[in-house]
file input_4.tsv (TSV, C-alpha atoms)
chain	number	residue	atom	x	y	z
I	1	GLU	CA	-16.07	-9.95	-2.74
I	2	ASP	CA	-13.02	-11.60	-4.35
I	3	LYS	CA	-11.17	-9.84	-7.13
I	4	VAL	CA	-9.14	-11.37	-9.96
I	5	LEU	CA	-6.02	-9.63	-11.22
I	6	LYS	CA	-4.60	-10.68	-14.57
I	7	VAL	CA	-0.82	-10.52	-14.74
I	8	THR	CA	2.07	-11.99	-16.68
I	9	ASN	CA	4.91	-11.56	-14.17
I	10	PHE	CA	4.17	-14.24	-11.56
I	11	GLU	CA	7.62	-14.53	-9.99
I	12	ASN	CA	7.55	-11.00	-8.57
I	13	LEU	CA	3.85	-10.55	-7.88
I	14	VAL	CA	3.19	-13.87	-6.15
I	15	THR	CA	5.88	-13.08	-3.57
I	16	VAL	CA	3.98	-9.96	-2.50
I	17	VAL	CA	0.44	-11.36	-2.73
I	18	ARG	CA	1.28	-14.20	-0.36
I	19	ALA	CA	2.16	-11.68	2.33
I	20	THR	CA	-1.40	-10.39	2.52
I	21	SER	CA	-3.79	-13.16	1.57
I	22	THR	CA	-4.55	-16.76	0.85
I	23	MET	CA	-4.39	-17.24	-2.88
I	24	ILE	CA	-4.80	-19.71	-5.69
I	25	CYS	CA	-2.42	-19.21	-8.57
I	26	ASP	CA	-3.18	-20.70	-11.98
I	27	GLU	CA	-0.30	-19.87	-14.30
I	28	ALA	CA	-1.93	-21.45	-17.33
I	29	ALA	CA	-4.95	-19.17	-17.09
I	30	GLY	CA	-2.95	-16.21	-15.84
I	31	HIS	CA	-5.12	-15.53	-12.79
I	32	ILE	CA	-4.40	-14.82	-9.13
I	33	GLU	CA	-7.43	-14.99	-6.86
I	34	THR	CA	-7.17	-12.60	-3.91
I	35	PRO	CA	-7.79	-11.51	-1.24
I	36	LYS	CA	-9.28	-13.91	1.30
I	37	TRP	CA	-8.45	-12.31	4.64
I	38	THR	CA	-7.09	-15.17	6.72
I	39	LEU	CA	-4.29	-13.22	8.39
I	40	PRO	CA	-4.43	-12.28	12.09
I	41	PRO	CA	-6.39	-9.04	12.61
I	42	LEU	CA	-4.86	-5.85	13.96
I	43	GLN	CA	-5.63	-5.51	17.68
I	44	PHE	CA	-5.40	-2.22	19.56
I	45	LYS	CA	-4.59	-2.64	23.27
I	46	ASP	CA	-5.24	0.12	25.79
I	47	TRP	CA	-1.98	-0.28	27.72
I	48	GLU	CA	0.98	1.57	29.16
I	49	PRO	CA	4.46	0.44	28.03
I	50	ASP	CA	5.68	-2.20	30.49
I	51	PRO	CA	9.07	-3.96	30.23
I	52	SER	CA	7.44	-7.14	31.54
I	53	GLU	CA	4.67	-7.14	28.95
I	54	LYS	CA	5.42	-6.91	25.26
I	55	LEU	CA	3.04	-6.52	22.32
I	56	LYS	CA	2.53	-9.59	20.15
I	57	HIS	CA	2.25	-9.91	16.37
I	58	CYS	CA	-0.37	-7.49	14.96
I	59	GLU	CA	-0.88	-5.81	18.35
I	60	GLY	CA	-0.50	-2.07	19.02
I	61	ASP	CA	-0.05	0.73	19.78
I	62	CYS	CA	3.75	0.58	19.80
I	63	ASP	CA	6.19	3.48	19.68
I	64	ASP	CA	9.38	1.55	18.99
I	65	ASP	CA	10.72	-1.98	18.55
I	66	ASP	CA	11.47	-2.34	22.27
I	67	GLU	CA	7.74	-2.52	22.99
I	68	CYS	CA	7.31	-5.55	20.72
I	69	GLU	CA	7.78	-9.18	21.75
I	70	GLY	CA	11.00	-10.98	20.80
I	71	GLU	CA	12.25	-10.04	17.35
I	72	LEU	CA	9.04	-8.32	16.27
I	73	VAL	CA	9.34	-4.80	14.85
I	74	CYS	CA	7.07	-1.77	15.26
I	75	PHE	CA	5.42	-0.93	11.94
I	76	GLN	CA	5.29	2.89	11.85
I	77	ARG	CA	2.46	4.32	9.81
I	78	HIS	CA	0.34	7.34	8.98
I	79	GLY	CA	-3.44	6.98	9.14
I	80	PHE	CA	-4.55	3.46	8.22
I	81	THR	CA	-1.53	2.28	6.21
I	82	SER	CA	-1.76	-1.52	5.79
I	83	VAL	CA	0.47	-3.48	8.20
I	84	SER	CA	2.48	-6.25	6.56
I	85	GLY	CA	1.25	-9.71	7.54
I	86	CYS	CA	-1.87	-8.44	9.36
I	87	ALA	CA	-5.49	-7.95	8.32
I	88	GLY	CA	-7.82	-5.02	8.88
I	89	LEU	CA	-7.44	-1.28	9.35
I	90	GLY	CA	-6.71	-1.08	13.08
I	91	LYS	CA	-6.94	2.28	14.83
I	92	VAL	CA	-6.05	5.45	12.95
I	93	GLN	CA	-2.45	6.59	13.51
I	94	ALA	CA	-1.75	3.56	15.75
I	95	ASP	CA	1.43	1.54	15.06
I	96	TYR	CA	1.55	-2.25	15.29
I	97	CYS	CA	4.13	-4.96	15.87
I	98	TYR	CA	4.83	-7.31	12.97
I	99	ASP	CA	7.22	-10.10	12.06
I	100	THR	CA	9.91	-9.19	9.54
I	101	ARG	CA	11.04	-12.84	9.49
I	102	ASN	CA	7.98	-13.74	7.44
I	103	PRO	CA	9.60	-15.40	4.40
I	104	GLU	CA	6.92	-13.93	2.16
I	105	LEU	CA	7.99	-10.33	2.92
I	106	SER	CA	10.78	-8.68	0.97
I	107	PRO	CA	13.23	-6.13	2.41
I	108	LEU	CA	13.23	-2.60	1.04
I	109	LYS	CA	16.03	-2.41	-1.47
I	110	GLU	CA	17.63	0.68	-3.00
I	111	ILE	CA	18.70	0.21	-6.61
I	112	GLU	CA	21.78	2.26	-7.41
I	113	ASP	CA	21.38	5.43	-9.54
I	114	THR	CA	17.56	5.37	-9.49
I	115	PHE	CA	16.70	8.22	-7.09
I	116	GLY	CA	14.68	10.83	-8.96
I	117	GLN	CA	15.54	9.37	-12.37
I	118	GLY	CA	12.01	8.54	-13.56
I	119	THR	CA	13.22	6.57	-16.60
I	120	LEU	CA	13.29	2.95	-15.44
I	121	GLN	CA	10.22	1.71	-17.35
I	122	GLY	CA	9.08	-1.42	-15.54
I	123	SER	CA	12.40	-2.56	-14.14
I	124	LEU	CA	11.77	-2.35	-10.35
I	125	GLY	CA	10.44	-5.39	-8.50
I	126	PRO	CA	8.55	-5.70	-5.18
I	127	CYS	CA	9.99	-3.45	-2.45
I	128	GLU	CA	12.58	-1.93	-4.79
I	129	GLY	CA	13.15	1.80	-5.28
I	130	ASP	CA	13.47	4.57	-6.05
I	131	CYS	CA	10.36	4.85	-8.23
I	132	ASP	CA	8.57	8.03	-9.28
I	133	THR	CA	5.63	6.51	-11.18
I	134	ASP	CA	3.93	3.12	-11.52
I	135	SER	CA	5.47	2.68	-14.96
I	136	GLU	CA	8.86	2.14	-13.31
I	137	CYS	CA	7.55	-0.93	-11.44
I	138	THR	CA	7.11	-4.39	-12.93
I	139	GLU	CA	3.62	-5.26	-14.14
I	140	GLY	CA	1.00	-5.49	-11.39
I	141	LEU	CA	2.89	-3.30	-8.89
I	142	ALA	CA	2.44	0.35	-7.91
I	143	CYS	CA	4.81	3.04	-6.68
I	144	PHE	CA	4.23	3.79	-2.96
I	145	GLN	CA	4.80	7.53	-2.58
I	146	ARG	CA	6.21	8.90	0.67
I	147	ASP	CA	8.11	11.91	1.99
I	148	ASP	CA	9.58	10.28	5.09
I	149	LYS	CA	10.20	6.72	6.26
I	150	VAL	CA	6.59	5.55	6.68
I	151	SER	CA	6.52	1.75	6.37
I	152	VAL	CA	5.76	0.31	2.94
I	153	PRO	CA	2.96	-2.33	2.94
I	154	ASN	CA	4.11	-5.91	2.29
I	155	CYS	CA	7.77	-4.95	2.76
I	156	PHE	CA	10.03	-4.57	5.78
I	157	GLY	CA	12.75	-2.12	6.71
I	158	GLU	CA	12.88	1.68	6.80
I	159	GLY	CA	14.50	2.31	3.45
I	160	LYS	CA	15.80	5.77	2.69
I	161	ALA	CA	13.91	8.94	3.58
I	162	LYS	CA	11.92	10.31	0.63
I	163	TRP	CA	12.61	7.22	-1.45
I	164	ASP	CA	9.53	5.55	-2.96
I	165	TYR	CA	9.17	1.80	-3.44
I	166	CYS	CA	7.17	-0.57	-5.64
I	167	HIS	CA	4.52	-2.68	-3.90
I	168	LEU	CA	1.25	-4.54	-4.46
I	169	PRO	CA	-1.46	-1.89	-5.13
I	170	GLU	CA	-3.47	-2.25	-1.93
I	171	LEU	CA	-5.69	0.55	-0.59
I	172	SER	CA	-3.47	2.44	1.81
I	173	ASP	CA	-4.49	5.36	3.99
I	174	ILE	CA	-1.61	7.61	4.89
I	175	GLY	CA	-3.94	9.88	6.85
I	176	LEU	CA	-2.47	13.24	5.90
I	177	GLU	CA	-4.21	16.50	5.15
I	178	PRO	CA	-4.00	17.62	1.48
I	179	GLN	CA	-1.31	20.20	2.24
I	180	GLU	CA	0.82	17.43	3.81
I	181	HIS	CA	0.55	14.93	0.95
I	182	PRO	CA	3.76	13.65	-0.64
I	183	ALA	CA	5.34	16.32	-2.83
I	184	LYS	CA	4.70	14.28	-5.98
I	185	GLY	CA	1.10	13.62	-4.97
I	186	LEU	CA	-0.61	10.51	-3.62
I	187	GLY	CA	0.33	7.29	-5.36
I	188	ARG	CA	-1.99	4.67	-6.85
I	189	CYS	CA	-4.39	3.26	-4.25
I	190	GLN	CA	-3.36	5.88	-1.66
I	191	GLY	CA	-5.84	8.18	0.09
I	192	ASP	CA	-7.56	10.19	1.29
I	193	CYS	CA	-7.81	12.45	-1.77
I	194	ASP	CA	-10.41	15.11	-2.48
I	195	LYS	CA	-9.56	15.97	-6.08
I	196	ASP	CA	-7.41	14.79	-8.99
I	197	SER	CA	-4.72	17.40	-8.34
I	198	GLU	CA	-3.83	15.65	-5.06
I	199	CYS	CA	-2.84	12.51	-6.97
I	200	ALA	CA	0.47	11.83	-8.71
I	201	GLN	CA	0.78	12.50	-12.42
I	202	GLY	CA	-1.50	10.31	-14.55
I	203	LEU	CA	-3.78	9.36	-11.64
I	204	LYS	CA	-7.28	10.50	-10.69
I	205	CYS	CA	-9.18	10.64	-7.40
I	206	PHE	CA	-11.83	7.90	-7.15
I	207	GLN	CA	-14.75	9.40	-5.22
I	208	ARG	CA	-16.75	7.00	-2.99
I	209	ASP	CA	-19.93	7.13	-0.95
I	210	GLY	CA	-19.12	3.97	1.02
I	211	ASN	CA	-16.83	0.98	0.38
I	212	GLU	CA	-17.07	0.88	-3.40
I	213	THR	CA	-14.30	-1.05	-5.14
I	214	VAL	CA	-11.50	1.18	-6.38
I	215	GLU	CA	-10.42	0.13	-9.84
I	216	GLY	CA	-7.05	-1.62	-9.87
I	217	CYS	CA	-6.73	-1.74	-6.06
I	218	TYR	CA	-7.13	-4.42	-3.38
I	219	GLY	CA	-8.88	-4.05	-0.03
I	220	LYS	CA	-11.82	-2.00	1.22
I	221	GLY	CA	-10.02	0.96	2.74
I	222	VAL	CA	-11.82	3.38	5.05
I	223	GLU	CA	-15.53	3.90	4.42
I	224	LYS	CA	-16.23	7.07	2.39
I	225	TRP	CA	-12.51	7.77	1.92
I	226	ASP	CA	-11.39	8.46	-1.64
I	227	TYR	CA	-8.31	6.99	-3.32
I	228	CYS	CA	-6.10	7.74	-6.29
I	229	TYR	CA	-6.36	5.26	-9.14
I	230	LYS	CA	-5.02	4.81	-12.64
I	231	PRO	CA	-7.78	5.34	-15.23
I	232	THR	CA	-8.00	2.83	-18.05
I	233	GLU	CA	-8.03	3.78	-21.72
I	234	GLU	CA	-11.80	3.24	-21.66
I	235	ASP	CA	-12.09	5.67	-18.73
I	236	LYS	CA	-10.09	8.26	-20.65
I	237	LYS	CA	-12.30	7.89	-23.72
I	238	ARG	CA	-15.45	8.39	-21.65
I	239	GLU	CA	-13.92	11.46	-19.98
I	240	ASN	CA	-12.92	12.93	-23.36
I	241	LYS	CA	-16.45	12.43	-24.71
I	242	LYS	CA	-17.91	14.03	-21.59
I	243	GLN	CA	-15.64	17.07	-21.96
I	244	ALA	CA	-16.45	17.34	-25.68
I	245	ARG	CA	-20.18	17.57	-24.90
I	246	HIS	CA	-19.50	20.53	-22.64
call {"tool": "encode", "arguments": {"input": "input_4.tsv", "output": "structure tokens"}}
result
Amino acid sequence: EDKVLKVTNFENLVTVVRATSTMICDEAAGHIETPKWTLPPLQFKDWEPDPSEKLKHCEGDCDDDDECEGELVCFQRHGFTSVSGCAGLGKVQADYCYDTRNPELSPLKEIEDTFGQGTLQGSLGPCEGDCDTDSECTEGLACFQRDDKVSVPNCFGEGKAKWDYCHLPELSDIGLEPQEHPAKGLGRCQGDCDKDSECAQGLKCFQRDGNETVEGCYGKGVEKWDYCYKPTEEDKKRENKKQARH
């Protein structure tokens, strides 16, 4: 089912949306229609590394760039992290080759004097860091939390270890046990969470029985997996009323 995200900052957001879906952008109405999965699907090949046979775009499992065809790069991930320029979940923990030359992808960029600052207030664009919370990203983007150099969806490059980067809020499965979650907690649209305390500050764990839509996130994610989301003011009011009754 298609979702419509209302935004005001088209210049930054459109760049990222194009990397993952076909879209129709109507600036007058302020709507971006997405996603329609028309990208090549992730394909897992049961193979042994062979210098004469390289993995093509969206194929895996790769261990390093040398196993990818031509100038393709191996997208390293935890769990089911979305692979830039490819559709689907693929196989858990498997890494896939992707094309960093895609003009719609942005390189990870470190903005000077931002690491651990937490005071940027909406100034970081797509694939820019370091962010600590969503509020430091421009409207429509989320802060992708990580403790290592796991690839950031819709961006390319390794970036700096433990730096977090702004990206389109797409369901992303980093596949870690709760005790291994990023130190600051799972970011918006990241899973799998079991309770609110596993999410970053200001976020809650959205519990699912199947593939229910996670508020404010794109994609289906893994069936029955739960994801951190940012509650709306209406959600907060309902929660306050519920707590008052008890």
call {"tool": "closest_residue", "arguments": {"input": "input_4.tsv", "among": "I:Cys199, I:Asp61, I:Val83, I:Lys54", "to": "Leu39 (chain I)", "atoms": "all atoms listed in the file"}}
result
I:Val83
call {"tool": "atom_distance", "arguments": {"input": "input_4.tsv", "atom1": "CA of Gln93 (chain I)", "atom2": "CA of Gly79 (chain I)"}}
result
4.5 Å
call {"tool": "axis_aligned_box", "arguments": {"input": "input_4.tsv", "around": "region 57-60 of chain I", "padding_each_side": "6 Å", "output": "JSON"}}
result
{"center_x": 0.7, "center_y": -6.0, "center_z": 17.0, "size_x": 15.1, "size_y": 19.8, "size_z": 16.1}
call {"tool": "atom_distance", "arguments": {"input": "input_4.tsv", "atom1": "CA of Thr138 (chain I)", "atom2": "CA of Gln190 (chain I)"}}
result
18.5 Å
call {"tool": "residues_around", "arguments": {"input": "input_4.tsv", "residues": "Asp196 (chain I)", "least_positions_apart": "6", "cutoff": "10 Å", "atoms": "all atoms listed in the file", "output": "VMD selection string"}}
result
chain I and resid 185 to 186 202 to 207 227 to 229
call {"tool": "closest_residue", "arguments": {"input": "input_4.tsv", "among": "I:Leu124, I:Cys143, I:Leu42, I:Val92", "to": "Gln201 (chain I)", "atoms": "all atoms listed in the file"}}
result
I:Cys143
call {"tool": "closest_residue", "arguments": {"input": "input_4.tsv", "among": "I:Ser135, I:Gln145, I:Ser172, I:Thr114", "to": "Gly88 (chain I)", "atoms": "all atoms listed in the file"}}
result
I:Ser172
call {"tool": "build_atoms", "arguments": {"input": "input_4.tsv", "residues": "region 184-215 of chain I", "atoms": "N, CA and C atoms", "output": "PDB file, in the frame of the given file"}}
result
ATOM      1  N   LYS I 184       5.066  14.696  -4.624  1.00  0.00           N
ATOM      2  CA  LYS I 184       4.700  14.280  -5.980  1.00  0.00           C
ATOM      3  C   LYS I 184       3.242  13.858  -6.073  1.00  0.00           C
ATOM      4  N   GLY I 185       2.499  14.018  -4.976  1.00  0.00           N
ATOM      5  CA  GLY I 185       1.100  13.620  -4.970  1.00  0.00           C
ATOM      6  C   GLY I 185       0.923  12.209  -4.442  1.00  0.00           C
ATOM      7  N   LEU I 186      -0.313  11.855  -4.105  1.00  0.00           N
ATOM      8  CA  LEU I 186      -0.610  10.510  -3.620  1.00  0.00           C
ATOM      9  C   LEU I 186      -0.427   9.486  -4.732  1.00  0.00           C
ATOM     10  N   GLY I 187       0.125   8.336  -4.386  1.00  0.00           N
ATOM     11  CA  GLY I 187       0.330   7.290  -5.360  1.00  0.00           C
ATOM     12  C   GLY I 187      -0.931   6.481  -5.615  1.00  0.00           C
ATOM     13  N   ARG I 188      -0.831   5.507  -6.530  1.00  0.00           N
ATOM     14  CA  ARG I 188      -1.990   4.670  -6.850  1.00  0.00           C
ATOM     15  C   ARG I 188      -2.443   3.904  -5.624  1.00  0.00           C
ATOM     16  N   CYS I 189      -3.742   3.945  -5.369  1.00  0.00           N
ATOM     17  CA  CYS I 189      -4.390   3.260  -4.250  1.00  0.00           C
ATOM     18  C   CYS I 189      -4.121   3.923  -2.904  1.00  0.00           C
ATOM     19  N   GLN I 190      -3.568   5.142  -2.900  1.00  0.00           N
ATOM     20  CA  GLN I 190      -3.360   5.880  -1.660  1.00  0.00           C
ATOM     21  C   GLN I 190      -4.468   6.921  -1.475  1.00  0.00           C
ATOM     22  N   GLY I 191      -4.812   7.195  -0.230  1.00  0.00           N
ATOM     23  CA  GLY I 191      -5.840   8.180   0.090  1.00  0.00           C
ATOM     24  C   GLY I 191      -5.530   8.807   1.440  1.00  0.00           C
ATOM     25  N   ASP I 192      -6.300   9.754   1.861  1.00  0.00           N
ATOM     26  CA  ASP I 192      -7.560  10.190   1.290  1.00  0.00           C
ATOM     27  C   ASP I 192      -7.310  11.368   0.349  1.00  0.00           C
ATOM     28  N   CYS I 193      -7.908  11.320  -0.856  1.00  0.00           N
ATOM     29  CA  CYS I 193      -7.810  12.450  -1.770  1.00  0.00           C
ATOM     30  C   CYS I 193      -9.178  13.121  -1.866  1.00  0.00           C
ATOM     31  N   ASP I 194      -9.176  14.372  -2.269  1.00  0.00           N
ATOM     32  CA  ASP I 194     -10.410  15.110  -2.480  1.00  0.00           C
ATOM     33  C   ASP I 194     -10.600  15.508  -3.938  1.00  0.00           C
ATOM     34  N   LYS I 195      -9.489  15.580  -4.671  1.00  0.00           N
ATOM     35  CA  LYS I 195      -9.560  15.970  -6.080  1.00  0.00           C
ATOM     36  C   LYS I 195      -8.362  15.395  -6.821  1.00  0.00           C
ATOM     37  N   ASP I 196      -8.449  15.402  -8.155  1.00  0.00           N
ATOM     38  CA  ASP I 196      -7.410  14.790  -8.990  1.00  0.00           C
ATOM     39  C   ASP I 196      -6.041  15.405  -8.764  1.00  0.00           C
ATOM     40  N   SER I 197      -6.000  16.701  -8.472  1.00  0.00           N
ATOM     41  CA  SER I 197      -4.720  17.400  -8.340  1.00  0.00           C
ATOM     42  C   SER I 197      -3.910  16.929  -7.136  1.00  0.00           C
ATOM     43  N   GLU I 198      -4.547  16.186  -6.219  1.00  0.00           N
ATOM     44  CA  GLU I 198      -3.830  15.650  -5.060  1.00  0.00           C
ATOM     45  C   GLU I 198      -3.181  14.310  -5.354  1.00  0.00           C
ATOM     46  N   CYS I 199      -3.413  13.789  -6.559  1.00  0.00           N
ATOM     47  CA  CYS I 199      -2.840  12.510  -6.970  1.00  0.00           C
ATOM     48  C   CYS I 199      -1.606  12.740  -7.848  1.00  0.00           C
ATOM     49  N   ALA I 200      -0.735  11.744  -7.882  1.00  0.00           N
ATOM     50  CA  ALA I 200       0.470  11.830  -8.710  1.00  0.00           C
ATOM     51  C   ALA I 200       0.079  11.933 -10.186  1.00  0.00           C
ATOM     52  N   GLN I 201       1.021  12.308 -10.991  1.00  0.00           N
ATOM     53  CA  GLN I 201       0.780  12.500 -12.420  1.00  0.00           C
ATOM     54  C   GLN I 201       0.190  11.247 -13.060  1.00  0.00           C
ATOM     55  N   GLY I 202      -0.864  11.427 -13.856  1.00  0.00           N
ATOM     56  CA  GLY I 202      -1.500  10.310 -14.550  1.00  0.00           C
ATOM     57  C   GLY I 202      -2.568   9.602 -13.762  1.00  0.00           C
ATOM     58  N   LEU I 203      -2.767   9.996 -12.490  1.00  0.00           N
ATOM     59  CA  LEU I 203      -3.780   9.360 -11.640  1.00  0.00           C
ATOM     60  C   LEU I 203      -4.952  10.307 -11.403  1.00  0.00           C
ATOM     61  N   LYS I 204      -6.091   9.734 -11.028  1.00  0.00           N
ATOM     62  CA  LYS I 204      -7.280  10.500 -10.690  1.00  0.00           C
ATOM     63  C   LYS I 204      -7.794  10.076  -9.325  1.00  0.00           C
ATOM     64  N   CYS I 205      -8.605  10.930  -8.716  1.00  0.00           N
ATOM     65  CA  CYS I 205      -9.180  10.640  -7.400  1.00  0.00           C
ATOM     66  C   CYS I 205     -10.515   9.921  -7.578  1.00  0.00           C
ATOM     67  N   PHE I 206     -10.609   8.706  -7.060  1.00  0.00           N
ATOM     68  CA  PHE I 206     -11.830   7.900  -7.150  1.00  0.00           C
ATOM     69  C   PHE I 206     -12.740   8.258  -5.972  1.00  0.00           C
ATOM     70  N   GLN I 207     -13.841   8.932  -6.256  1.00  0.00           N
ATOM     71  CA  GLN I 207     -14.750   9.400  -5.220  1.00  0.00           C
ATOM     72  C   GLN I 207     -15.707   8.269  -4.804  1.00  0.00           C
ATOM     73  N   ARG I 208     -15.891   8.079  -3.492  1.00  0.00           N
ATOM     74  CA  ARG I 208     -16.750   7.000  -2.990  1.00  0.00           C
ATOM     75  C   ARG I 208     -17.764   7.521  -1.975  1.00  0.00           C
ATOM     76  N   ASP I 209     -18.906   6.837  -1.942  1.00  0.00           N
ATOM     77  CA  ASP I 209     -19.930   7.130  -0.950  1.00  0.00           C
ATOM     78  C   ASP I 209     -19.909   6.122   0.194  1.00  0.00           C
ATOM     79  N   GLY I 210     -19.187   5.017   0.004  1.00  0.00           N
ATOM     80  CA  GLY I 210     -19.120   3.970   1.020  1.00  0.00           C
ATOM     81  C   GLY I 210     -17.848   3.179   0.870  1.00  0.00           C
ATOM     82  N   ASN I 211     -17.981   1.865   0.574  1.00  0.00           N
ATOM     83  CA  ASN I 211     -16.830   0.980   0.380  1.00  0.00           C
ATOM     84  C   ASN I 211     -16.752   0.465  -1.048  1.00  0.00           C
ATOM     85  N   GLU I 212     -17.121   1.311  -2.009  1.00  0.00           N
ATOM     86  CA  GLU I 212     -17.070   0.880  -3.400  1.00  0.00           C
ATOM     87  C   GLU I 212     -15.659   0.433  -3.781  1.00  0.00           C
ATOM     88  N   THR I 213     -15.587  -0.555  -4.676  1.00  0.00           N
ATOM     89  CA  THR I 213     -14.300  -1.050  -5.140  1.00  0.00           C
ATOM     90  C   THR I 213     -13.580   0.027  -5.951  1.00  0.00           C
ATOM     91  N   VAL I 214     -12.317   0.229  -5.638  1.00  0.00           N
ATOM     92  CA  VAL I 214     -11.500   1.180  -6.380  1.00  0.00           C
ATOM     93  C   VAL I 214     -10.769   0.423  -7.483  1.00  0.00           C
ATOM     94  N   GLU I 215     -10.962   0.846  -8.693  1.00  0.00           N
ATOM     95  CA  GLU I 215     -10.420   0.130  -9.840  1.00  0.00           C
ATOM     96  C   GLU I 215      -8.907  -0.050  -9.738  1.00  0.00           C
TER      97      GLU I 215
END
